[in-house]
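Contents: one structure, followed by commentary.
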Amino acid sequence: MALNKPPPARGDPLLEVDDLVTVFPTRSGVAVAANHVSFSIAAGQTLGLVGESGSGKSVTCRSILRLVPRPGEILGGSIHFDGKDVFALSARELRAIRGAEISMIFQDPMSSLNPVYTIGDQISEPLRMHRGMGRRAARAEAAQLLDRVGIPAPRERLDAYPHELSGGMRQRVMIAIAISCKPKLLLADEPTTALDVTIQDQILSLLLDLQADEGMAILLVSHDLGVIAQTCDRVCVMYGGYVVEESPAAEIFERSRHPYTAALLRALPEFAVEHEGRRLTPIPGQPPDLANLPDGCPFRPRCGFARPACEEVPMILEPAGPEHWTACPFAAAGTL
Amino acid sequence: MSTNGNGSGEVLLTVEHLHKAFPVRQPLVDRVRRLPRQRAVAVDDVSFEVRRGDTLGIVGESGSGKTTLARLLLRLLRADAGSIRFGGAEVTSASGPELRRIRRQMQMVFQDPYSSLNPRLKIGAAIAEPAVVHGIVSKDHADEHVAEMLSLVGLPETAAARYPRQLSGGQRQRVAIARALSVRPEVLIADEPVSALDASIQAQILNLLDDLLQSLNLTTVFIAHQLSVVRHISNRVAIMYLGRIVETGPTERVFESPQHPYTAGLLAAAPRPDPSTRHRKPAVRGDIPSPLRIPSGCRFRTRCAFAEERCALEDPALLPVERNHLVACHVLPFRTEAST
């Protein structure tokens, strides 16, 4: 297994993930879901983590708060948040960070909200726990937060239960809880995947608005290149547990420097529409089994540019332009 | 750009004034007080035609009634009112051998191929069963038929001996397509057939469907929430909102020049993989209203930026704005007409 060289630090990163390795034991062997993953996020920045199912993007995201579900395990690497070594924190210190300095929203707001407590109770909880507010003050603040995330008639909504709200409204409540302690970093794992397209559009706009006002950084995990393009400053593309390309968002959509990213963009129906083509350009074959990765580059069996040397290339991010890194040495050298 | 289906074939499927509402469970108190039972409106006065060889894309968000519509077409649900004529037969009242014939000729492909395939049935048996039941092949020739179907959808013959769980999502969707085609249908109803698949696999299945629709001259109703997918596969499109078709027409016309504010909003809201198209203001405001309380007049008015007084009073009819392009809006089509 090769080491994935971290790109040089830019400015003062708020979050630095360095050489993270997270694994899951499976029946067919050990699945390496995050394979020497490195990236960093500056304060106030939005980083997109994009990949297909099983690329390791969600596991990478959960590793940041040490929320990897059993029997998954973080085997190596380090994560620094705001100068603190996350892996060295005690359970108590970690609890003080979760939901306060780093908060998280998930794909399905129904299963992340407690069905037997009112919306008001659930927004008040972090306010009382992390900000030491009394019951009354927390309730007033909760109403303000609901108003802030665009929920009409916020005072009445405090006494509603999650099932009384639509999917979009529930996700707004989740966001209200997530921003209640003014986090420096918001982890958003497929936050709009379960929502309709007009509601997705509203929620993404809300997230960007909040970010502009509060200055928080966002790690946005998504399978949807459209969502990433509409929201992110920088993008990491994951494949087979590796980060295979990292660059500013505009770069990756216009001048992608990894064959997988390029192929994924070409496979979208939007690409065929733009190029007046009837035929789509699928990526042949199947995504790799994380427990049985091929030697060398994991994309090799599906890559149109694969050559014998690809069986031996180390998965190291190499510079491919300004602020742009690729794990394909041939793309980096311009010899594809 | 669509090439299959030129809209000149004979009309194969005619839907007229179709209605379906679902009764909602009523609290005991309301039952005792003999209050009228509430009904959730799913399909409300829907009419359209599909010509032979056409692919009609039906687009809508959750609660728009698109899946209910598909189930009504196959008589998996009974309509409350209205008619569905398919090749000379009335689907809503068919029974016995006639209904069996209709169901053979109209086949469905679902979103999740894992839950629509029997986990204990080998792939070969799953494909052979409907063909044998409908008398397309005899039991003795079923294996050949299965092999033919598997090669049609690009799977190796060896897949016949496998179970659904041994296949990937894309392969399972190929099996579901093979099973639907095994009874040689004329009409394929596909309900979100690629929505559960990753982008790279989605393109494989869309190309396969594209090839099959053309080579078998299938007539298709293709339901999806992903606009780019519908734009790619269909030559005609219908946009649904709260049980109604609000706009329908040739796919390219509707996508290039949407006339209904909801269609325009949907197109603007769909996130494009192009950072230069970023917008900060949401394209459509508000939530979809409850199907228990459909707004008066135009049902989209509560979210529409162009709504006028009239929109709350009169229910707009689906009227032509150009050839084959119909829109149900009091305001926007006239505005564009005036500006040209």
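Residues in the structure tokens are numbered from 1 in each chain, the chains being A, B, ... in the order shown, and ligands are numbered from 1 in the order shown.
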Sorted by chain and rising residue number, which residues of chain A lie within 8 Å of chain B, and what are their closest atom pairs and distances in Å to one decimal, counting only C-alpha atoms, as JSON lines?
```
{"residue": "A:Glu52", "atom": "CA", "partner": "B:Asp198", "partner_atom": "CA", "distance": 5.9}
{"residue": "A:Ser53", "atom": "CA", "partner": "B:Asp198", "partner_atom": "CA", "distance": 6.8}
{"residue": "A:Ser166", "atom": "CA", "partner": "B:Asp287", "partner_atom": "CA", "distance": 7.9}
{"residue": "A:Gly168", "atom": "CA", "partner": "B:Asp287", "partner_atom": "CA", "distance": 7.6}
{"residue": "A:Asp196", "atom": "CA", "partner": "B:Glu61", "partner_atom": "CA", "distance": 5.7}
{"residue": "A:Val197", "atom": "CA", "partner": "B:Ala270", "partner_atom": "CA", "distance": 5.9}
{"residue": "A:Thr198", "atom": "CA", "partner": "B:Ala269", "partner_atom": "CA", "distance": 5.4}
{"residue": "A:Ile199", "atom": "CA", "partner": "B:Asp287", "partner_atom": "CA", "distance": 7.3}
{"residue": "A:Gln200", "atom": "CA", "partner": "B:Ala269", "partner_atom": "CA", "distance": 7.9}
{"residue": "A:Asp201", "atom": "CA", "partner": "B:Ala269", "partner_atom": "CA", "distance": 5.4}
{"residue": "A:Gln202", "atom": "CA", "partner": "B:Pro282", "partner_atom": "CA", "distance": 5.0}
{"residue": "A:Ser205", "atom": "CA", "partner": "B:Arg280", "partner_atom": "CA", "distance": 5.5}
{"residue": "A:Leu208", "atom": "CA", "partner": "B:Arg280", "partner_atom": "CA", "distance": 7.7}
{"residue": "A:Asp209", "atom": "CA", "partner": "B:Arg280", "partner_atom": "CA", "distance": 7.9}
{"residue": "A:His223", "atom": "CA", "partner": "B:Asp198", "partner_atom": "CA", "distance": 7.9}
{"residue": "A:Leu225", "atom": "CA", "partner": "B:Pro273", "partner_atom": "CA", "distance": 5.4}
{"residue": "A:Gly226", "atom": "CA", "partner": "B:Pro273", "partner_atom": "CA", "distance": 3.9}
{"residue": "A:Val227", "atom": "CA", "partner": "B:Pro271", "partner_atom": "CA", "distance": 5.5}
{"residue": "A:Ile228", "atom": "CA", "partner": "B:Pro273", "partner_atom": "CA", "distance": 7.5}
{"residue": "A:Ala229", "atom": "CA", "partner": "B:Pro275", "partner_atom": "CA", "distance": 4.7}
{"residue": "A:Gln230", "atom": "CA", "partner": "B:Arg278", "partner_atom": "CA", "distance": 5.2}
{"residue": "A:Thr231", "atom": "CA", "partner": "B:Arg278", "partner_atom": "CA", "distance": 7.7}
{"residue": "A:Ala249", "atom": "CA", "partner": "B:Pro275", "partner_atom": "CA", "distance": 7.0}
{"residue": "A:Ala250", "atom": "CA", "partner": "B:Pro275", "partner_atom": "CA", "distance": 5.9}
{"residue": "A:Phe253", "atom": "CA", "partner": "B:Asp274", "partner_atom": "CA", "distance": 6.5}
{"residue": "A:Leu264", "atom": "CA", "partner": "B:Ser200", "partner_atom": "CA", "distance": 6.1}
{"residue": "A:Ala267", "atom": "CA", "partner": "B:Ala203", "partner_atom": "CA", "distance": 5.7}
{"residue": "A:Leu268", "atom": "CA", "partner": "B:Ala199", "partner_atom": "CA", "distance": 6.6}
{"residue": "A:Pro269", "atom": "CA", "partner": "B:Ser228", "partner_atom": "CA", "distance": 5.7}
{"residue": "A:Glu270", "atom": "CA", "partner": "B:Ser228", "partner_atom": "CA", "distance": 5.9}
{"residue": "A:Ala272", "atom": "CA", "partner": "B:His232", "partner_atom": "CA", "distance": 7.8}
{"residue": "A:Val273", "atom": "CA", "partner": "B:Met1", "partner_atom": "CA", "distance": 6.9}
{"residue": "A:Glu276", "atom": "CA", "partner": "B:Met1", "partner_atom": "CA", "distance": 6.2}
{"residue": "A:Gly277", "atom": "CA", "partner": "B:Met1", "partner_atom": "CA", "distance": 6.9}
{"residue": "A:Arg278", "atom": "CA", "partner": "B:Met1", "partner_atom": "CA", "distance": 6.0}
{"residue": "A:Arg279", "atom": "CA", "partner": "B:Asn207", "partner_atom": "CA", "distance": 6.5}
{"residue": "A:Leu280", "atom": "CA", "partner": "B:Ala203", "partner_atom": "CA", "distance": 5.8}
{"residue": "A:Thr281", "atom": "CA", "partner": "B:Ala203", "partner_atom": "CA", "distance": 6.6}
{"residue": "A:Pro282", "atom": "CA", "partner": "B:Ala203", "partner_atom": "CA", "distance": 4.8}
{"residue": "A:Ile283", "atom": "CA", "partner": "B:Ser200", "partner_atom": "CA", "distance": 5.2}
{"residue": "A:Pro284", "atom": "CA", "partner": "B:Gln204", "partner_atom": "CA", "distance": 7.7}
{"residue": "A:Gln286", "atom": "CA", "partner": "B:Ile201", "partner_atom": "CA", "distance": 7.6}
```
Take the residues from that selection and put them in a file with N, CA and C atoms, as a tab-separated table (two decimals), in the first residue's frame.
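Just written: out_14.tsv:
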```
chain	number	residue	atom	x	y	z
A	52	GLU	N	-18.97	7.64	-6.09
A	52	GLU	CA	-20.13	6.76	-6.22
A	52	GLU	C	-20.28	5.95	-4.93
A	53	SER	N	-21.35	5.14	-4.86
A	53	SER	CA	-21.52	4.35	-3.64
A	53	SER	C	-20.32	3.43	-3.45
A	166	SER	N	-42.75	18.23	6.74
A	166	SER	CA	-42.35	17.63	5.47
A	166	SER	C	-40.85	17.33	5.52
A	168	GLY	N	-38.44	18.41	3.67
A	168	GLY	CA	-37.63	19.63	3.55
A	168	GLY	C	-37.59	20.39	4.87
A	196	ASP	N	-36.79	16.36	-2.83
A	196	ASP	CA	-37.15	16.72	-4.20
A	196	ASP	C	-36.27	17.85	-4.70
A	197	VAL	N	-36.21	17.98	-6.01
A	197	VAL	CA	-35.25	18.90	-6.60
A	197	VAL	C	-35.49	20.37	-6.22
A	198	THR	N	-36.77	20.79	-6.12
A	198	THR	CA	-37.00	22.19	-5.75
A	198	THR	C	-36.64	22.42	-4.28
A	199	ILE	N	-36.84	21.40	-3.45
A	199	ILE	CA	-36.51	21.52	-2.03
A	199	ILE	C	-34.99	21.43	-1.85
A	200	GLN	N	-34.34	20.58	-2.61
A	200	GLN	CA	-32.88	20.48	-2.59
A	200	GLN	C	-32.26	21.85	-2.88
A	201	ASP	N	-32.80	22.49	-3.89
A	201	ASP	CA	-32.34	23.81	-4.31
A	201	ASP	C	-32.47	24.81	-3.14
A	202	GLN	N	-33.61	24.74	-2.43
A	202	GLN	CA	-33.82	25.63	-1.29
A	202	GLN	C	-32.81	25.35	-0.17
A	205	SER	N	-29.28	26.49	-1.06
A	205	SER	CA	-29.20	27.95	-0.95
A	205	SER	C	-29.09	28.38	0.51
A	208	LEU	N	-25.59	27.77	1.89
A	208	LEU	CA	-24.62	28.77	1.42
A	208	LEU	C	-24.85	30.12	2.08
A	209	ASP	N	-26.13	30.47	2.30
A	209	ASP	CA	-26.46	31.71	3.00
A	209	ASP	C	-25.90	31.70	4.41
A	223	HIS	N	-22.93	12.21	-3.92
A	223	HIS	CA	-22.67	11.41	-5.11
A	223	HIS	C	-22.99	12.23	-6.35
A	225	LEU	N	-22.67	15.13	-8.85
A	225	LEU	CA	-21.72	16.12	-9.34
A	225	LEU	C	-22.38	17.49	-9.52
A	226	GLY	N	-23.70	17.48	-9.80
A	226	GLY	CA	-24.43	18.73	-9.94
A	226	GLY	C	-24.45	19.50	-8.62
A	227	VAL	N	-24.77	18.80	-7.54
A	227	VAL	CA	-24.82	19.43	-6.21
A	227	VAL	C	-23.43	19.99	-5.85
A	228	ILE	N	-22.39	19.23	-6.12
A	228	ILE	CA	-21.03	19.66	-5.83
A	228	ILE	C	-20.69	20.92	-6.63
A	229	ALA	N	-21.04	20.91	-7.92
A	229	ALA	CA	-20.72	22.04	-8.79
A	229	ALA	C	-21.41	23.32	-8.31
A	230	GLN	N	-22.62	23.16	-7.75
A	230	GLN	CA	-23.39	24.33	-7.35
A	230	GLN	C	-22.94	24.91	-6.01
A	231	THR	N	-22.14	24.16	-5.24
A	231	THR	CA	-21.91	24.60	-3.87
A	231	THR	C	-20.44	24.73	-3.45
A	249	ALA	N	-13.24	23.79	-7.57
A	249	ALA	CA	-14.42	23.22	-8.25
A	249	ALA	C	-14.43	23.57	-9.73
A	250	ALA	N	-14.14	24.82	-10.07
A	250	ALA	CA	-14.21	25.21	-11.48
A	250	ALA	C	-13.25	24.38	-12.31
A	253	PHE	N	-14.42	20.60	-13.13
A	253	PHE	CA	-15.48	20.44	-14.12
A	253	PHE	C	-15.02	20.85	-15.52
A	264	LEU	N	-16.54	10.02	-15.42
A	264	LEU	CA	-17.78	10.20	-14.66
A	264	LEU	C	-18.57	11.38	-15.21
A	267	ALA	N	-20.23	10.50	-18.44
A	267	ALA	CA	-21.33	9.53	-18.33
A	267	ALA	C	-22.67	10.21	-18.03
A	268	LEU	N	-22.64	11.48	-17.61
A	268	LEU	CA	-23.88	12.16	-17.23
A	268	LEU	C	-24.72	12.49	-18.45
A	269	PRO	N	-26.05	12.35	-18.33
A	269	PRO	CA	-26.91	12.72	-19.46
A	269	PRO	C	-26.73	14.19	-19.89
A	270	GLU	N	-26.38	15.05	-18.92
A	270	GLU	CA	-26.18	16.46	-19.26
A	270	GLU	C	-25.07	16.62	-20.30
A	272	ALA	N	-24.30	14.46	-22.71
A	272	ALA	CA	-24.81	14.08	-24.02
A	272	ALA	C	-25.70	15.18	-24.60
A	273	VAL	N	-26.52	15.79	-23.71
A	273	VAL	CA	-27.41	16.86	-24.17
A	273	VAL	C	-26.58	18.01	-24.73
A	276	GLU	N	-25.16	17.21	-28.06
A	276	GLU	CA	-26.13	16.80	-29.05
A	276	GLU	C	-26.00	15.33	-29.42
A	277	GLY	N	-25.52	14.54	-28.47
A	277	GLY	CA	-25.33	13.12	-28.79
A	277	GLY	C	-26.48	12.31	-28.25
A	278	ARG	N	-26.87	11.30	-28.97
A	278	ARG	CA	-27.92	10.42	-28.50
A	278	ARG	C	-27.34	9.43	-27.50
A	279	ARG	N	-26.10	8.99	-27.75
A	279	ARG	CA	-25.51	7.96	-26.92
A	279	ARG	C	-24.84	8.56	-25.69
A	280	LEU	N	-25.02	7.87	-24.57
A	280	LEU	CA	-24.26	8.25	-23.39
A	280	LEU	C	-22.94	7.50	-23.44
A	281	THR	N	-22.01	7.94	-22.61
A	281	THR	CA	-20.71	7.28	-22.57
A	281	THR	C	-20.52	6.67	-21.19
A	282	PRO	N	-21.03	5.45	-20.98
A	282	PRO	CA	-20.92	4.85	-19.65
A	282	PRO	C	-19.47	4.49	-19.34
A	283	ILE	N	-19.17	4.33	-18.04
A	283	ILE	CA	-17.89	3.75	-17.67
A	283	ILE	C	-18.12	2.24	-17.68
A	284	PRO	N	-17.34	1.49	-18.43
A	284	PRO	CA	-17.57	0.04	-18.47
A	284	PRO	C	-17.29	-0.60	-17.12
A	286	GLN	N	-17.76	-2.51	-13.30
A	286	GLN	CA	-18.37	-2.21	-12.00
A	286	GLN	C	-17.37	-1.49	-11.11
```
Find the residues around Leu74 in chain B up to 7 Å (only C-alpha atoms counted), leave out those fewer than 3 positions away in its own chain, and share them as a PDB file with N, CA and C atoms, in the first residue's frame.
```pdb
ATOM      1  N   ALA B  70     -48.787   5.294 -13.136  1.00  0.00           N
ATOM      2  CA  ALA B  70     -48.230   4.068 -13.709  1.00  0.00           C
ATOM      3  C   ALA B  70     -49.032   2.859 -13.259  1.00  0.00           C
ATOM      4  N   ARG B  71     -49.402   2.837 -11.987  1.00  0.00           N
ATOM      5  CA  ARG B  71     -50.139   1.693 -11.457  1.00  0.00           C
ATOM      6  C   ARG B  71     -51.554   1.616 -12.011  1.00  0.00           C
ATOM      7  N   ARG B 103     -52.136  -7.116 -19.556  1.00  0.00           N
ATOM      8  CA  ARG B 103     -50.977  -7.128 -18.661  1.00  0.00           C
ATOM      9  C   ARG B 103     -49.763  -7.763 -19.316  1.00  0.00           C
ATOM     10  N   MET B 106     -48.479  -4.874 -21.605  1.00  0.00           N
ATOM     11  CA  MET B 106     -47.898  -3.738 -20.890  1.00  0.00           C
ATOM     12  C   MET B 106     -47.076  -4.275 -19.730  1.00  0.00           C
TER      13      MET B 106
END
```
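Of the listed residues (B:Pro250, B:Pro333, B:Pro261, B:Gly88), B:Pro261 comes nearest to Cys304 in chain B; the distances count only C-alpha atoms.
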Set the distance at 8 Å and use only C-alpha atoms: which residues neighbour range 177-193 of chain A once local chain neighbours fewer than 2 positions away are removed? I'd like the list as a PyMOL selection string. chain A and resi 43-44+58+61+99-108+122-123+126-127+130-131+142+145+171+173-175+195+200+203-204+214-223
Save out the residues we just selected, N, CA and C atoms, as a short mmCIF file (atom, residue, chain, number, x, y, z; two decimals), in the first residue's frame.
```cif
data_model
loop_
_atom_site.label_atom_id
_atom_site.label_comp_id
_atom_site.auth_asym_id
_atom_site.auth_seq_id
_atom_site.Cartn_x
_atom_site.Cartn_y
_atom_site.Cartn_z
N ALA A 43 -10.86 27.70 7.07
CA ALA A 43 -12.05 28.27 7.71
C ALA A 43 -12.92 28.92 6.64
N GLY A 44 -14.23 28.70 6.76
CA GLY A 44 -15.17 29.35 5.85
C GLY A 44 -15.25 28.75 4.46
N SER A 58 -18.44 8.64 2.68
CA SER A 58 -19.18 8.77 3.93
C SER A 58 -18.33 8.34 5.12
N CYS A 61 -15.94 10.96 6.05
CA CYS A 61 -16.62 12.03 6.75
C CYS A 61 -16.86 11.66 8.22
N GLY A 99 -21.24 18.51 17.85
CA GLY A 99 -22.48 19.28 17.99
C GLY A 99 -22.23 20.72 18.39
N ALA A 100 -20.99 21.06 18.78
CA ALA A 100 -20.69 22.43 19.16
C ALA A 100 -19.75 23.06 18.13
N GLU A 101 -18.48 22.59 18.12
CA GLU A 101 -17.53 23.16 17.17
C GLU A 101 -17.65 22.48 15.80
N ILE A 102 -17.95 21.19 15.82
CA ILE A 102 -18.21 20.47 14.58
C ILE A 102 -19.61 19.86 14.69
N SER A 103 -20.47 20.16 13.75
CA SER A 103 -21.78 19.52 13.79
C SER A 103 -22.03 18.81 12.47
N MET A 104 -23.09 18.01 12.46
CA MET A 104 -23.27 17.13 11.32
C MET A 104 -24.74 17.04 10.93
N ILE A 105 -25.00 17.00 9.62
CA ILE A 105 -26.35 16.69 9.14
C ILE A 105 -26.26 15.50 8.18
N PHE A 106 -27.35 14.73 8.18
CA PHE A 106 -27.34 13.47 7.43
C PHE A 106 -28.38 13.50 6.32
N GLN A 107 -28.36 12.41 5.55
CA GLN A 107 -29.28 12.30 4.41
C GLN A 107 -30.73 12.28 4.86
N ASP A 108 -31.01 11.48 5.89
CA ASP A 108 -32.40 11.24 6.24
C ASP A 108 -32.75 11.93 7.55
N GLN A 122 -35.69 19.39 20.84
CA GLN A 122 -34.47 18.88 20.21
C GLN A 122 -33.52 20.00 19.81
N ILE A 123 -34.06 21.18 19.51
CA ILE A 123 -33.15 22.29 19.21
C ILE A 123 -32.58 22.85 20.51
N PRO A 126 -28.90 21.01 22.49
CA PRO A 126 -27.50 21.45 22.38
C PRO A 126 -27.28 22.83 22.98
N LEU A 127 -28.30 23.69 22.95
CA LEU A 127 -28.15 25.03 23.51
C LEU A 127 -27.93 24.95 25.02
N HIS A 130 -24.35 22.73 25.46
CA HIS A 130 -23.09 23.35 25.07
C HIS A 130 -23.01 24.83 25.43
N ARG A 131 -24.17 25.50 25.41
CA ARG A 131 -24.12 26.95 25.65
C ARG A 131 -24.66 27.32 27.02
N ALA A 142 -34.33 28.86 20.19
CA ALA A 142 -34.76 27.83 19.24
C ALA A 142 -35.72 28.42 18.20
N LEU A 145 -33.77 30.34 15.76
CA LEU A 145 -33.05 29.46 14.83
C LEU A 145 -33.98 28.93 13.75
N GLN A 171 -35.34 18.68 7.34
CA GLN A 171 -33.92 18.95 7.09
C GLN A 171 -33.57 20.36 7.57
N VAL A 173 -34.90 21.75 10.17
CA VAL A 173 -34.76 21.60 11.62
C VAL A 173 -33.38 21.04 11.95
N MET A 174 -32.95 20.03 11.20
CA MET A 174 -31.62 19.45 11.42
C MET A 174 -30.54 20.52 11.27
N ILE A 175 -30.71 21.38 10.28
CA ILE A 175 -29.73 22.44 10.06
C ILE A 175 -29.77 23.43 11.23
N LEU A 195 -34.33 14.52 -0.87
CA LEU A 195 -35.30 15.59 -1.08
C LEU A 195 -35.62 15.79 -2.56
N GLN A 200 -34.34 20.58 -2.61
CA GLN A 200 -32.88 20.48 -2.59
C GLN A 200 -32.26 21.85 -2.88
N ILE A 203 -32.59 24.06 0.12
CA ILE A 203 -31.71 23.70 1.23
C ILE A 203 -30.25 24.08 0.91
N LEU A 204 -29.83 23.86 -0.33
CA LEU A 204 -28.45 24.23 -0.70
C LEU A 204 -28.27 25.74 -0.61
N GLU A 214 -22.29 33.12 8.83
CA GLU A 214 -21.63 32.61 10.04
C GLU A 214 -20.16 32.30 9.80
N GLY A 215 -19.77 32.20 8.55
CA GLY A 215 -18.37 31.93 8.25
C GLY A 215 -17.90 30.53 8.58
N MET A 216 -18.85 29.58 8.66
CA MET A 216 -18.42 28.21 8.98
C MET A 216 -17.89 27.51 7.73
N ALA A 217 -17.02 26.53 7.95
CA ALA A 217 -16.56 25.69 6.85
C ALA A 217 -17.54 24.54 6.68
N ILE A 218 -17.65 24.02 5.46
CA ILE A 218 -18.56 22.90 5.20
C ILE A 218 -17.80 21.79 4.48
N LEU A 219 -17.99 20.57 4.98
CA LEU A 219 -17.55 19.40 4.21
C LEU A 219 -18.82 18.77 3.66
N LEU A 220 -18.99 18.84 2.34
CA LEU A 220 -20.21 18.34 1.72
C LEU A 220 -19.92 17.02 1.02
N VAL A 221 -20.56 15.95 1.51
CA VAL A 221 -20.38 14.64 0.90
C VAL A 221 -21.55 14.40 -0.05
N SER A 222 -21.28 14.08 -1.31
CA SER A 222 -22.38 13.84 -2.24
C SER A 222 -21.95 12.94 -3.37
N HIS A 223 -22.93 12.21 -3.92
CA HIS A 223 -22.67 11.41 -5.11
C HIS A 223 -22.99 12.23 -6.35
#
```
Of the candidates A:Arg95, A:Gln144, A:Leu113, A:Ala176, which shows the shortest atom-to-atom distance to Met129 in chain A, using only C-alpha atoms?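 The answer is A:Arg95, which sits nearest to Met129 in chain A.
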Name the residues in contact with Val237 in chain A at a cut-off of 12 Å, using only C-alpha atoms, excluding same-chain residues fewer than 2 positions from it; report them as a ChimeraX atom specification. /A:37-39,47-52,55-57,220-225,228,234-235,239-249,252-253,256-262,264-265,317,324-327
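Relative to CA of Val221 in chain B, CA of Phe255 in chain B is found at 17.8 Å.
In this structure, CA of Val17 in chain A sits 13.5 Å away from CA of Leu75 in chain A.
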Alpha helix (DSSP H) call set, DSSP backbone run, range 11-225 of chain A, as a VMD selection string: chain A and resid 57 to 64 91 to 97 109 to 112 119 to 130 135 to 148 154 to 157 167 to 179 197 to 214 225
When DSSP works through the backbone of this structure, what residues of range 34-65 of chain A end up as strand (DSSP E), shown as a list of chain:residue names?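 Reading the DSSP output for range 34-65 of chain A, strand (DSSP E) covers A:Ala34, A:Asn35, A:His36, A:Val37, A:Ser38, A:Phe39, A:Ser40, A:Ile41, A:Ala42, A:Thr46, A:Leu47, A:Gly48, A:Leu49, A:Val50.
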Selection file, C-alpha atoms, as an mmCIF file, in the first residue's frame:
```
data_model
loop_
_atom_site.group_PDB
_atom_site.id
_atom_site.type_symbol
_atom_site.label_atom_id
_atom_site.label_comp_id
_atom_site.auth_asym_id
_atom_site.auth_seq_id
_atom_site.Cartn_x
_atom_site.Cartn_y
_atom_site.Cartn_z
ATOM 1 C CA ALA A 34 -10.584 5.311 3.519
ATOM 2 C CA ASN A 35 -7.222 4.488 2.008
ATOM 3 C CA HIS A 36 -4.505 6.943 3.074
ATOM 4 C CA VAL A 37 -6.873 9.873 2.615
ATOM 5 C CA SER A 38 -5.493 13.385 3.070
ATOM 6 C CA PHE A 39 -7.130 16.755 2.605
ATOM 7 C CA SER A 40 -7.608 19.996 4.458
ATOM 8 C CA ILE A 41 -10.326 22.601 4.776
ATOM 9 C CA ALA A 42 -9.684 26.279 5.474
ATOM 10 C CA THR A 46 -16.662 24.429 1.303
ATOM 11 C CA LEU A 47 -14.965 21.203 0.337
ATOM 12 C CA GLY A 48 -16.889 18.617 -1.654
ATOM 13 C CA LEU A 49 -16.204 14.918 -1.249
ATOM 14 C CA VAL A 50 -17.701 13.271 -4.320
#
```
Excluding Val11 in chain B and its own-chain neighbours fewer than 2 positions away, which residues fall within 8 Å of it when counting only C-alpha atoms? Please give them as a VMD selection string. chain B and resid 9 13 to 14 49 to 52
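In this structure, CA of Ala160 in chain A sits 5.9 Å away from CA of Ile119 in chain A.
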Between B:Arg172, B:Arg293, B:Arg236, B:Arg33, which has the minimum distance to Pro113 in chain B (counting only C-alpha atoms)? B:Arg172
